[in-house]
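Engineer: Dumping the structure here so I can ask a few things about it.
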Amino acid sequence: MELMKAFQTGRSKPIDFRVQQLKNLQRFITEKQKDITDALKKDLHKSENGTLLYELLGLEGEINMAIANLSVWMAPRPVAKNLLTISDEVYIQPEPLGVVLIIGAWNYPITVTLQPLVGAIAAGNAVVVKPSEVSCHTAKVLELLPLYLDPEMYPVVTGGVPETQELLKQRFDHIFYTGNSMVGKLVMEAAARHLTPVTLELGGKNPCYIDKDCDLEIACRRITWGKYINCGQTCISPDYILCEPSIQDKVVEEIRKSIKEFYTDDPKTFIDYGRIINQRHFKRIIALFEGSTVAIGGENDESQCYIAPTVLRDVTPESKVMQEEIFGPVLPIVPIKGVNEAIQFINEREKPLALYVFSSSNKVIKQMISETSSGALLANDCLIHYTISDLPFGGVGNSGMGCYHGKSTFDQLSHLRSCLIKRLGMEQLNGMRYPPHTAEKLRLARLLLLKQVSLGRVRHLVQATTLIMLAAFVLALYYVS
Amino acid sequence: MSQEQRAVERARKAFCTGRTKPLQYRIDQLKNLQRFIVERQKEIADALKKDLNKSEFGTPLYETMGLEGEISLAVSKLAEWAAPRPATKNLLTVSDEVYIQPEPLGVVLIIGAWNYPWAVTLQPLIGAIAAGNAAVIKPSEVCVHTSKVMGALLPLYIDKEVYPVVTGGVQETQELLQHRFDYIFYTGNCTVGKVIMEAAAKHLTPVTLELGGKSPCYIDKNCDITIACRRIAWGKYTNCGQTCIAPDYILCDPSIQDRIIEEIKKSVKEFYTEDPKTCSDYGRIINKRHFKRVMTLLEDSTIAMGGQNDESECYIAPTVLKDVKPGAKVMQEEIFGPVLPILCIGNVDEAIDFINQREKPLALYIFSSDNKLIKHMITETSSGGVLANDCLVHFSVSSLPFGGVGNSGMGSYHGKFSFDQLSHLRGCLIKQLKMEGMNKMRYPPHTAKKLSWARFFILNQVELSKLGRWALFALLAVVVAVILQRYFAD
């Protein structure tokens, strides 16, 4: 493969090359900002400021972080020694994997396609970038990437399902896919044929539990924000609410207020309110209303793929809207009798990508954490765990495998190679391992292998002792004078 | 209901009771596993003698001692490993709790291999138990006696509902793979590795595949050949070459080939006497199928040492092949036997090219006194792990992740890595329902002004831990300055 040849030249390995490419990526985002915001307006009706806030800001932060930290991330990582390796070099060396395939999604087409690319470049790989064809205008803008990045090292391949299937027949050293579980399985199956490791950023129904004991006004404002940005088409948007019947009315009221605050009385004419990506998804979402009671919204316009911010109330677990990830501006409220029932409800279903819990009680929050599982958990807010680069972002079970953001992306797209460099001396020490095996040799081996002294602890002890002695010395001087 | 289905369902049910989560339970199970190894040492050694002709002392040295070390490590470190791991805060999360919480995945399937059946089946189990999972253990049926002992005795020590042992062959494994697991840990070969990953894909089950390949061993002209060859001979012929990280073949300059053969001959005699067939420390090939397979590999190469064999005992003498060509049969597949081909190459760069033209190996060995050469080789190649001037021992350093890359595997384990590999590291952010004013900048309507505030907070990710450290140093410096000033003032 052409790209493998480009990688094998070794060009992508030196840190200067990687930093330069990352800076070029930054330039692309800055110089083509207008093209990007225009494309996102056409694809998803994202406002200009909305694009800057939700797509480009985070990306810029990740690029800055990678550039600032790259030399540290790339450096050999020393590990704890034991008695047998005391005079050896023992470390983990991060290395590029080779050629990475990044398959992007259409909902935040710039972010979810380019953020993995930041890590792939930082880790020294060559990359095939395959943007989603569904966000077709953005895919066109991404075709401009080769004007900024090394076109041999980071080709962009556009196209639909046939092109993706063709790509998946090729051999890669890692495949990074963002999208849905169904296609995720196909990607992993294709990867299996070449023993290619994968990162799958998938989705699911993210539960949002609202406790009786909490500031409903603030909670609902944050939930409203998390739900309706990008018209609900966010992998970590709160999919549905679980709360006690006694607070359902208040929840509905507060959400209504927040919707008005954010999107005015007429979201359809409001610049910051998005659209459904295409008619297929529009129809899919409208069909989900069937059998449930609309408490807010429900208005829609197929010609514009417009669906108003909608809340459904008294939703039952069997209703259509609870059978699949909504990925739209429809927020069902499922009444339950308290946190224990909520936990049971959540655990009967697939592990979600995000779990939200709103409560003033730390006890409730900690109970939710310890009795459920999810990609991540965020208490008392929505979405923003995404912006903390030190928290690994990824799913578990049906919501995905692997993780990224910040250093995690670098590590995910590297091979962390164990290195042990010994010397051809001290051969007598090895006597205990060579045949003929005897009880005496075994006893010696047990002694040396099973007493893995943590040399790190010894170092800390020495440091602490030195500090104490220094302090004592200074104090002694003071008192003597 | 098949035994497989029953085992999986019981394990799942047991896991859902929450029984495996408390640390004390996990520690108790690990200690029970420790007791099993100690109390059943004889049964374990007897089974290994029948399966692989492993000697009585060979078994603890190569199989169980490492396990004991891993169990001790897990028991002593478990509280630390399982605790919340604080993450770096930024300006926006100063007053929040931000951490990574390790959690069990659920039900792990561990498929063992036959070459070090205890080590490679129980070591992942240690990590699985430590991480709070249930585990279905499927030992390799190829090591017939060991899998019998495992099936019969393990359930007497560790919770047999939570950690059922399922014995059987290909059919039983295929049956198991139809079920849904939360993780699959497989040790074996690439062909089956692909089948495992394909099966896992149907349920979106993550996998660790500890596979193999041809681990190259480069011997530089510039090194102590006596010591090098002794270590290589040990690494190669242990367990009759049936080690995933055995040095598969040697690359060296033609001028040192004869010397290498001499030194290996000497070491082999030192370890296994003049007649390895009668030496209790020399193993056997696992079965006739593999015996025939390994013997076929000798066909088109020149034997420099050994070559004697006895099919009735599955015995193959420690063998060295010289002047081997890249196209020879022995260079087409992982040998996994006591046959050591030597290929002559011109220099280290030729060796690097040779290695890079082939699949990434599980281990790369470099013997040289020249550190520069060693570092050059590391930089220009890739492999699961790399060990300079010795063989195999990186396996016993628990602070090094053990695993492959490319065809040699994916994922890694040992020590804390086993725990992390078999856990879900869940990002947790706990905020307060206050300071709502701060959030204004993110709410619609989106304005340029709000955006510039957001830029400020998100792009200035001040590392607060670093800030804290600097503040502490500053304070210390002030204190020392004050004291010194007082001292000089007097």
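Quick note on naming: the chains in the structure tokens go A, B, ... in the order shown, residues restart at 1 in each chain, and ligands are numbered from 1 in order of appearance.
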With a distance threshold of 6 Å and counting only C-alpha atoms, extract the residues of chain A near chain B and express them as a tab-separated table (two decimals) with N, CA and C atoms, in the first residue's frame.
Structural biologist:
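Result written to out_23.tsv:
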```tsv
chain	number	residue	atom	x	y	z
A	49	ASN	N	-21.27	30.95	15.52
A	49	ASN	CA	-20.70	30.89	16.86
A	49	ASN	C	-20.85	29.50	17.47
A	61	GLY	N	-7.82	23.45	21.44
A	61	GLY	CA	-7.24	23.10	22.73
A	61	GLY	C	-6.43	21.82	22.65
A	79	VAL	N	10.15	2.66	34.27
A	79	VAL	CA	9.23	1.93	35.15
A	79	VAL	C	9.98	1.44	36.38
A	80	ALA	N	9.19	0.96	37.36
A	80	ALA	CA	9.77	0.50	38.62
A	80	ALA	C	10.72	-0.67	38.37
A	185	LYS	N	-19.90	-3.08	14.77
A	185	LYS	CA	-19.66	-4.53	14.72
A	185	LYS	C	-19.02	-4.90	13.38
A	188	MET	N	-15.38	-3.90	13.37
A	188	MET	CA	-14.54	-4.80	14.18
A	188	MET	C	-14.35	-6.14	13.48
A	189	GLU	N	-15.42	-6.61	12.83
A	189	GLU	CA	-15.30	-7.87	12.09
A	189	GLU	C	-14.27	-7.76	10.98
A	192	ALA	N	-10.84	-7.72	12.40
A	192	ALA	CA	-10.40	-9.02	12.91
A	192	ALA	C	-9.64	-9.79	11.84
A	193	ARG	N	-10.02	-9.62	10.59
A	193	ARG	CA	-9.36	-10.38	9.52
A	193	ARG	C	-7.89	-10.06	9.40
A	262	PHE	N	-33.25	29.90	25.67
A	262	PHE	CA	-32.18	29.62	24.72
A	262	PHE	C	-32.60	29.87	23.28
A	375	GLY	N	-19.84	4.54	30.09
A	375	GLY	CA	-18.56	5.06	29.61
A	375	GLY	C	-18.02	6.06	30.62
A	376	ALA	N	-18.85	7.07	30.92
A	376	ALA	CA	-18.46	8.07	31.91
A	376	ALA	C	-19.67	8.45	32.73
A	377	LEU	N	-19.43	9.13	33.84
A	377	LEU	CA	-20.53	9.61	34.65
A	377	LEU	C	-20.33	11.07	34.98
A	378	LEU	N	-21.40	11.84	34.80
A	378	LEU	CA	-21.31	13.27	35.11
A	378	LEU	C	-22.47	13.61	36.02
A	379	ALA	N	-22.13	14.20	37.17
A	379	ALA	CA	-23.17	14.58	38.13
A	379	ALA	C	-23.41	16.08	38.04
A	380	ASN	N	-24.69	16.43	37.96
A	380	ASN	CA	-25.13	17.82	38.03
A	380	ASN	C	-24.76	18.69	36.84
A	390	ASP	N	-7.94	15.25	30.58
A	390	ASP	CA	-7.34	14.23	31.43
A	390	ASP	C	-8.29	13.07	31.72
A	391	LEU	N	-9.59	13.24	31.36
A	391	LEU	CA	-10.54	12.14	31.56
A	391	LEU	C	-10.64	11.36	30.25
A	417	ARG	N	5.86	0.04	23.85
A	417	ARG	CA	6.77	-1.11	23.74
A	417	ARG	C	7.64	-1.24	24.98
A	418	SER	N	7.63	-2.42	25.56
A	418	SER	CA	8.47	-2.67	26.74
A	418	SER	C	9.91	-2.84	26.32
A	419	CYS	N	10.81	-2.16	27.02
A	419	CYS	CA	12.23	-2.28	26.70
A	419	CYS	C	13.01	-2.62	27.95
A	420	LEU	N	13.83	-3.65	27.86
A	420	LEU	CA	14.70	-4.02	28.97
A	420	LEU	C	16.10	-4.21	28.39
A	421	ILE	N	17.03	-3.36	28.86
A	421	ILE	CA	18.38	-3.42	28.32
A	421	ILE	C	19.32	-3.88	29.42
A	422	LYS	N	19.78	-5.11	29.26
A	422	LYS	CA	20.67	-5.69	30.26
A	422	LYS	C	22.10	-5.64	29.72
A	423	ARG	N	23.01	-6.08	30.59
A	423	ARG	CA	24.41	-6.14	30.16
A	423	ARG	C	24.87	-7.58	30.15
A	424	LEU	N	25.92	-7.80	29.35
A	424	LEU	CA	26.44	-9.17	29.28
A	424	LEU	C	27.45	-9.42	30.41
A	435	PRO	N	19.38	-24.99	33.80
A	435	PRO	CA	19.40	-26.40	34.18
A	435	PRO	C	20.85	-26.81	34.48
A	436	PRO	N	21.09	-27.85	35.23
A	436	PRO	CA	20.07	-28.67	35.90
A	436	PRO	C	19.38	-27.90	37.04
A	437	HIS	N	18.06	-28.00	37.08
A	437	HIS	CA	17.30	-27.30	38.11
A	437	HIS	C	17.37	-28.06	39.41
A	450	LEU	N	10.59	-13.11	44.29
A	450	LEU	CA	9.39	-12.81	45.06
A	450	LEU	C	9.53	-11.61	45.97
A	478	TYR	N	20.18	28.05	63.43
A	478	TYR	CA	19.40	29.18	63.94
A	478	TYR	C	19.47	29.26	65.45
```
Engineer: As a VMD selection string, please: all residues of segment 224-389 of chain B that backbone DSSP puts in strand (DSSP E or B).
Structural biologist: chain B and resid 249 to 252 302 to 305 309 to 310 315 to 316 319 to 322 339 to 344 363 to 367 385 to 388
Engineer: Could the residues in this selection be saved with N, CA, C and O atoms as a CSV table (one decimal), in the first residue's frame?
Structural biologist:
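Output below, filename out.csv:
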```csv
chain,number,residue,atom,x,y,z
B,249,TYR,N,14.8,-17.4,15.7
B,249,TYR,CA,16.0,-17.5,14.8
B,249,TYR,C,17.1,-16.5,15.1
B,249,TYR,O,16.8,-15.5,15.7
B,250,ILE,N,18.3,-16.8,14.7
B,250,ILE,CA,19.4,-15.9,14.9
B,250,ILE,C,19.8,-15.2,13.6
B,250,ILE,O,19.8,-15.8,12.5
B,251,LEU,N,20.1,-14.0,13.7
B,251,LEU,CA,20.7,-13.2,12.6
B,251,LEU,C,22.1,-12.8,13.1
B,251,LEU,O,22.3,-12.2,14.1
B,252,CYS,N,23.1,-13.1,12.3
B,252,CYS,CA,24.5,-12.7,12.7
B,252,CYS,C,25.4,-12.6,11.4
B,252,CYS,O,25.0,-13.1,10.3
B,302,THR,N,20.6,-27.2,6.6
B,302,THR,CA,21.8,-27.9,7.1
B,302,THR,C,21.8,-28.0,8.6
B,302,THR,O,21.8,-26.9,9.3
B,303,ILE,N,21.9,-29.2,9.2
B,303,ILE,CA,21.9,-29.3,10.6
B,303,ILE,C,23.4,-29.2,11.1
B,303,ILE,O,24.3,-29.9,10.7
B,304,ALA,N,23.6,-28.2,12.0
B,304,ALA,CA,24.9,-28.0,12.6
B,304,ALA,C,25.0,-28.7,13.9
B,304,ALA,O,26.2,-29.1,14.3
B,305,MET,N,23.9,-28.9,14.6
B,305,MET,CA,24.0,-29.6,15.9
B,305,MET,C,22.6,-30.2,16.1
B,305,MET,O,21.6,-29.7,15.7
B,309,ASN,N,15.9,-37.5,16.9
B,309,ASN,CA,14.5,-37.4,17.3
B,309,ASN,C,13.9,-38.8,17.5
B,309,ASN,O,14.5,-39.8,17.1
B,310,ASP,N,12.8,-38.8,18.2
B,310,ASP,CA,12.2,-40.1,18.5
B,310,ASP,C,10.7,-39.9,18.6
B,310,ASP,O,10.2,-39.3,19.6
B,315,TYR,N,10.3,-36.7,21.1
B,315,TYR,CA,11.5,-36.1,21.5
B,315,TYR,C,12.3,-35.5,20.3
B,315,TYR,O,12.4,-36.2,19.2
B,316,ILE,N,12.7,-34.3,20.4
B,316,ILE,CA,13.6,-33.7,19.4
B,316,ILE,C,14.7,-33.1,20.1
B,316,ILE,O,14.5,-32.3,21.0
B,319,THR,N,18.5,-28.5,18.6
B,319,THR,CA,19.0,-28.5,17.2
B,319,THR,C,19.4,-27.1,16.8
B,319,THR,O,18.7,-26.1,17.2
B,320,VAL,N,20.5,-27.0,16.0
B,320,VAL,CA,20.8,-25.7,15.4
B,320,VAL,C,21.0,-26.0,13.9
B,320,VAL,O,21.6,-26.9,13.5
B,321,LEU,N,20.4,-25.1,13.1
B,321,LEU,CA,20.6,-25.1,11.7
B,321,LEU,C,21.5,-24.0,11.2
B,321,LEU,O,21.4,-22.9,11.7
B,322,LYS,N,22.4,-24.3,10.3
B,322,LYS,CA,23.3,-23.2,9.9
B,322,LYS,C,23.1,-22.8,8.4
B,322,LYS,O,22.5,-23.6,7.7
B,339,VAL,N,14.4,-26.0,17.6
B,339,VAL,CA,15.2,-25.8,16.4
B,339,VAL,C,15.6,-24.4,16.2
B,339,VAL,O,14.7,-23.5,16.1
B,340,LEU,N,16.9,-24.1,16.2
B,340,LEU,CA,17.4,-22.7,16.1
B,340,LEU,C,18.1,-22.5,14.8
B,340,LEU,O,19.3,-22.9,14.6
B,341,PRO,N,17.5,-21.8,13.8
B,341,PRO,CA,18.2,-21.5,12.6
B,341,PRO,C,19.1,-20.3,12.7
B,341,PRO,O,18.7,-19.4,13.5
B,342,ILE,N,20.2,-20.4,12.0
B,342,ILE,CA,21.1,-19.2,12.0
B,342,ILE,C,21.1,-18.7,10.6
B,342,ILE,O,21.4,-19.4,9.6
B,343,LEU,N,20.7,-17.4,10.4
B,343,LEU,CA,20.8,-16.8,9.1
B,343,LEU,C,21.9,-15.8,9.1
B,343,LEU,O,22.1,-15.0,10.0
B,344,CYS,N,22.8,-15.8,8.1
B,344,CYS,CA,23.9,-14.9,8.0
B,344,CYS,C,23.5,-13.6,7.3
B,344,CYS,O,22.9,-13.7,6.2
B,363,ALA,N,8.6,-10.6,20.5
B,363,ALA,CA,9.8,-10.2,21.2
B,363,ALA,C,10.9,-10.0,20.2
B,363,ALA,O,11.0,-10.7,19.2
B,364,LEU,N,11.8,-9.1,20.5
B,364,LEU,CA,13.0,-8.8,19.6
B,364,LEU,C,14.2,-8.9,20.6
B,364,LEU,O,14.2,-8.2,21.6
B,365,TYR,N,15.2,-9.7,20.2
B,365,TYR,CA,16.4,-9.8,21.1
B,365,TYR,C,17.6,-9.3,20.3
B,365,TYR,O,17.8,-9.5,19.1
B,366,ILE,N,18.4,-8.5,21.1
B,366,ILE,CA,19.6,-7.9,20.5
B,366,ILE,C,20.7,-8.2,21.5
B,366,ILE,O,20.6,-7.9,22.7
B,367,PHE,N,21.8,-8.8,20.9
B,367,PHE,CA,22.9,-9.1,21.8
B,367,PHE,C,24.1,-8.2,21.3
B,367,PHE,O,24.6,-8.4,20.2
B,385,GLY,N,7.8,-6.5,22.6
B,385,GLY,CA,8.7,-6.0,23.6
B,385,GLY,C,10.1,-6.2,23.0
B,385,GLY,O,10.3,-6.9,22.0
B,386,VAL,N,11.1,-5.5,23.6
B,386,VAL,CA,12.5,-5.7,23.2
B,386,VAL,C,13.4,-6.0,24.4
B,386,VAL,O,13.2,-5.3,25.4
B,387,LEU,N,14.3,-7.0,24.3
B,387,LEU,CA,15.2,-7.3,25.4
B,387,LEU,C,16.6,-7.4,24.8
B,387,LEU,O,16.8,-8.1,23.8
B,388,ALA,N,17.5,-6.6,25.4
B,388,ALA,CA,18.8,-6.6,24.9
B,388,ALA,C,19.7,-7.4,25.9
B,388,ALA,O,19.6,-7.3,27.1
```
Engineer: In Å, with one decimal, what is the gap from atom CA of Phe345 of chain A to atom CA of Leu331 of chain A?
Structural biologist: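 Atom CA of Leu331 of chain A lies 17.0 Å from atom CA of Phe345 of chain A.
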Engineer: Show me, as a PyMOL selection string, the residues that have an atom within 12 Å of Ala139 of chain A when counting only C-alpha atoms, minus same-chain residues fewer than 2 positions from it.
Structural biologist: chain A and resi 35-36+39-40+42-43+103-110+113-114+129-137+141-145+156-160
Engineer: Take the selection from the previous step and output its residues with C-alpha atoms, as a PDB file, in the first residue's frame.
Structural biologist:
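What follows is the written file result_24.pdb:
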```
ATOM      1  CA  ASP A  35     -15.633  27.359   4.814  1.00  0.00           C
ATOM      2  CA  ILE A  36     -16.116  25.179   7.853  1.00  0.00           C
ATOM      3  CA  ALA A  39     -20.531  23.851   5.551  1.00  0.00           C
ATOM      4  CA  LEU A  40     -21.880  23.147   9.030  1.00  0.00           C
ATOM      5  CA  LYS A  42     -25.712  23.747   5.384  1.00  0.00           C
ATOM      6  CA  ASP A  43     -25.310  20.299   6.932  1.00  0.00           C
ATOM      7  CA  ILE A 103     -13.769   6.937  10.097  1.00  0.00           C
ATOM      8  CA  GLY A 104     -15.620  10.056  11.139  1.00  0.00           C
ATOM      9  CA  ALA A 105     -19.254  10.678  12.000  1.00  0.00           C
ATOM     10  CA  TRP A 106     -21.684  13.319  10.727  1.00  0.00           C
ATOM     11  CA  ASN A 107     -22.930  14.959  13.919  1.00  0.00           C
ATOM     12  CA  TYR A 108     -19.794  16.877  14.885  1.00  0.00           C
ATOM     13  CA  PRO A 109     -18.021  16.081  11.648  1.00  0.00           C
ATOM     14  CA  ILE A 110     -15.002  18.290  12.258  1.00  0.00           C
ATOM     15  CA  THR A 113     -12.880  13.278  12.589  1.00  0.00           C
ATOM     16  CA  LEU A 114     -10.028  15.631  13.423  1.00  0.00           C
ATOM     17  CA  VAL A 129      -9.097  10.165   6.970  1.00  0.00           C
ATOM     18  CA  LYS A 130     -12.564   9.050   5.909  1.00  0.00           C
ATOM     19  CA  PRO A 131     -15.129  11.723   6.771  1.00  0.00           C
ATOM     20  CA  SER A 132     -18.800  10.796   6.914  1.00  0.00           C
ATOM     21  CA  GLU A 133     -20.540  11.298   3.564  1.00  0.00           C
ATOM     22  CA  VAL A 134     -23.771  12.083   5.400  1.00  0.00           C
ATOM     23  CA  SER A 135     -22.497  15.545   6.368  1.00  0.00           C
ATOM     24  CA  CYS A 136     -21.683  16.091   2.715  1.00  0.00           C
ATOM     25  CA  HIS A 137     -20.717  19.779   2.767  1.00  0.00           C
ATOM     26  CA  VAL A 141     -14.260  21.040   3.146  1.00  0.00           C
ATOM     27  CA  LEU A 142     -12.208  18.231   4.663  1.00  0.00           C
ATOM     28  CA  GLU A 143     -11.014  17.440   1.145  1.00  0.00           C
ATOM     29  CA  LEU A 144      -8.983  20.655   1.526  1.00  0.00           C
ATOM     30  CA  LEU A 145      -6.876  19.094   4.287  1.00  0.00           C
ATOM     31  CA  VAL A 156      -8.518  12.071   2.738  1.00  0.00           C
ATOM     32  CA  VAL A 157     -10.844   9.503   1.184  1.00  0.00           C
ATOM     33  CA  THR A 158     -14.423  10.598   0.588  1.00  0.00           C
ATOM     34  CA  GLY A 159     -17.356   8.487  -0.465  1.00  0.00           C
ATOM     35  CA  GLY A 160     -20.149   6.392   0.939  1.00  0.00           C
TER      36      GLY A 160
END
```
Engineer: Taking only C-alpha atoms into account, name the residue in A:Cys235, A:Ser370, A:Leu53, A:Phe473 that is nearest to Pro102 of chain B.
Structural biologist: A:Ser370
Engineer: Just the residues within 9 Å of Leu444 of chain A, please, counting only C-alpha atoms, with nothing from its chain fewer than 5 positions along; format it as a list in words.
Structural biologist: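 Near neighbours after the sequence-gap exclusion: Met432, Ala439 and Leu449 of chain A.
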Engineer: Measuring between only C-alpha atoms, which one of B:Asp349, B:Asp159, B:Glu141, B:Asp51 shows the shortest distance to Asp220 of chain B?
Structural biologist: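 For Asp220 of chain B, the nearest of the given residues is B:Asp349.
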Engineer: Do a neighbour search on Lys250 of chain A at 10 Å with only C-alpha atoms, toss out local chain neighbours closer than 6 positions, and write the hits as a tab-separated table (two decimals) with N, CA, C and O atoms, in the first residue's frame.
Structural biologist:
```tsv
chain	number	residue	atom	x	y	z
A	216	LEU	N	-34.02	22.09	40.93
A	216	LEU	CA	-34.58	21.70	39.63
A	216	LEU	C	-34.38	22.74	38.55
A	216	LEU	O	-34.24	22.42	37.38
A	217	GLU	N	-34.36	24.01	38.97
A	217	GLU	CA	-34.23	25.06	37.96
A	217	GLU	C	-32.89	24.95	37.25
A	217	GLU	O	-32.80	24.92	36.03
A	220	CYS	N	-32.54	21.55	35.30
A	220	CYS	CA	-33.26	21.51	34.02
A	220	CYS	C	-32.64	22.42	32.98
A	220	CYS	O	-32.67	22.11	31.78
A	256	ARG	N	-39.32	23.94	29.78
A	256	ARG	CA	-40.02	24.87	28.90
A	256	ARG	C	-39.41	26.27	29.01
A	256	ARG	O	-39.12	26.93	28.00
```
Engineer: Mind pulling up the distance from atom CA of Thr199 of chain A to atom CA of Gln93 of chain A?
Structural biologist: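 Straight-line distance from atom CA of Gln93 of chain A to atom CA of Thr199 of chain A works out to 21.1 Å.
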Engineer: To one decimal in Å, tell me the separation between atom CA of Ser2 of chain B and atom CA of Glu175 of chain B.
Structural biologist: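 For atom CA of Ser2 of chain B relative to atom CA of Glu175 of chain B, the distance reads 8.7 Å.
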Engineer: Any idea what's packed within 10 Å of segment 146-154 of chain A, counting only C-alpha atoms, ignoring anything in its chain fewer than 4 positions away? Could you give it as JSON, numbers by chain?
Structural biologist: {"A": [2, 3, 4, 5, 6, 7, 11, 12, 17, 20, 21, 22, 23, 24, 25, 26, 27, 28, 29, 99, 100, 101, 117, 120, 121, 125, 126, 127, 128, 129, 142]}
Engineer: Mind dumping the selected residues with C-alpha atoms as a PDB file, in the first residue's frame?
Structural biologist:
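File produced: again-v3.pdb:
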```pdb
ATOM      1  CA  GLU A   2       1.221   3.475  -0.959  1.00  0.00           C
ATOM      2  CA  LEU A   3       0.603   4.876   2.466  1.00  0.00           C
ATOM      3  CA  MET A   4       2.586   2.106   4.153  1.00  0.00           C
ATOM      4  CA  LYS A   5       5.532   3.074   1.915  1.00  0.00           C
ATOM      5  CA  ALA A   6       5.188   6.713   2.984  1.00  0.00           C
ATOM      6  CA  PHE A   7       5.135   5.639   6.624  1.00  0.00           C
ATOM      7  CA  ARG A  11       9.152  10.791   7.763  1.00  0.00           C
ATOM      8  CA  SER A  12       6.310  10.918  10.283  1.00  0.00           C
ATOM      9  CA  PHE A  17       7.536  16.791  11.596  1.00  0.00           C
ATOM     10  CA  GLN A  20       4.730  21.038  12.077  1.00  0.00           C
ATOM     11  CA  GLN A  21       1.787  18.967  10.861  1.00  0.00           C
ATOM     12  CA  LEU A  22      -0.173  19.803  14.005  1.00  0.00           C
ATOM     13  CA  LYS A  23       0.522  23.488  13.446  1.00  0.00           C
ATOM     14  CA  ASN A  24      -0.607  23.092   9.837  1.00  0.00           C
ATOM     15  CA  LEU A  25      -3.805  21.503  11.100  1.00  0.00           C
ATOM     16  CA  GLN A  26      -4.291  24.492  13.357  1.00  0.00           C
ATOM     17  CA  ARG A  27      -3.795  26.788  10.360  1.00  0.00           C
ATOM     18  CA  PHE A  28      -6.370  24.812   8.390  1.00  0.00           C
ATOM     19  CA  ILE A  29      -8.941  25.357  11.115  1.00  0.00           C
ATOM     20  CA  VAL A  99      -1.183   3.419   9.236  1.00  0.00           C
ATOM     21  CA  VAL A 100      -4.333   4.428  11.091  1.00  0.00           C
ATOM     22  CA  LEU A 101      -7.802   4.588   9.534  1.00  0.00           C
ATOM     23  CA  LEU A 117      -6.292  12.790  13.808  1.00  0.00           C
ATOM     24  CA  ALA A 120      -2.647   9.942  15.304  1.00  0.00           C
ATOM     25  CA  ILE A 121      -0.296  12.647  14.022  1.00  0.00           C
ATOM     26  CA  ASN A 125       1.399   7.526  12.367  1.00  0.00           C
ATOM     27  CA  ALA A 126       0.280   7.885   8.785  1.00  0.00           C
ATOM     28  CA  VAL A 127      -3.487   8.302   8.580  1.00  0.00           C
ATOM     29  CA  VAL A 128      -6.312   7.713   6.146  1.00  0.00           C
ATOM     30  CA  VAL A 129      -9.097  10.165   6.970  1.00  0.00           C
ATOM     31  CA  LEU A 142     -12.208  18.231   4.663  1.00  0.00           C
TER      32      LEU A 142
END
```
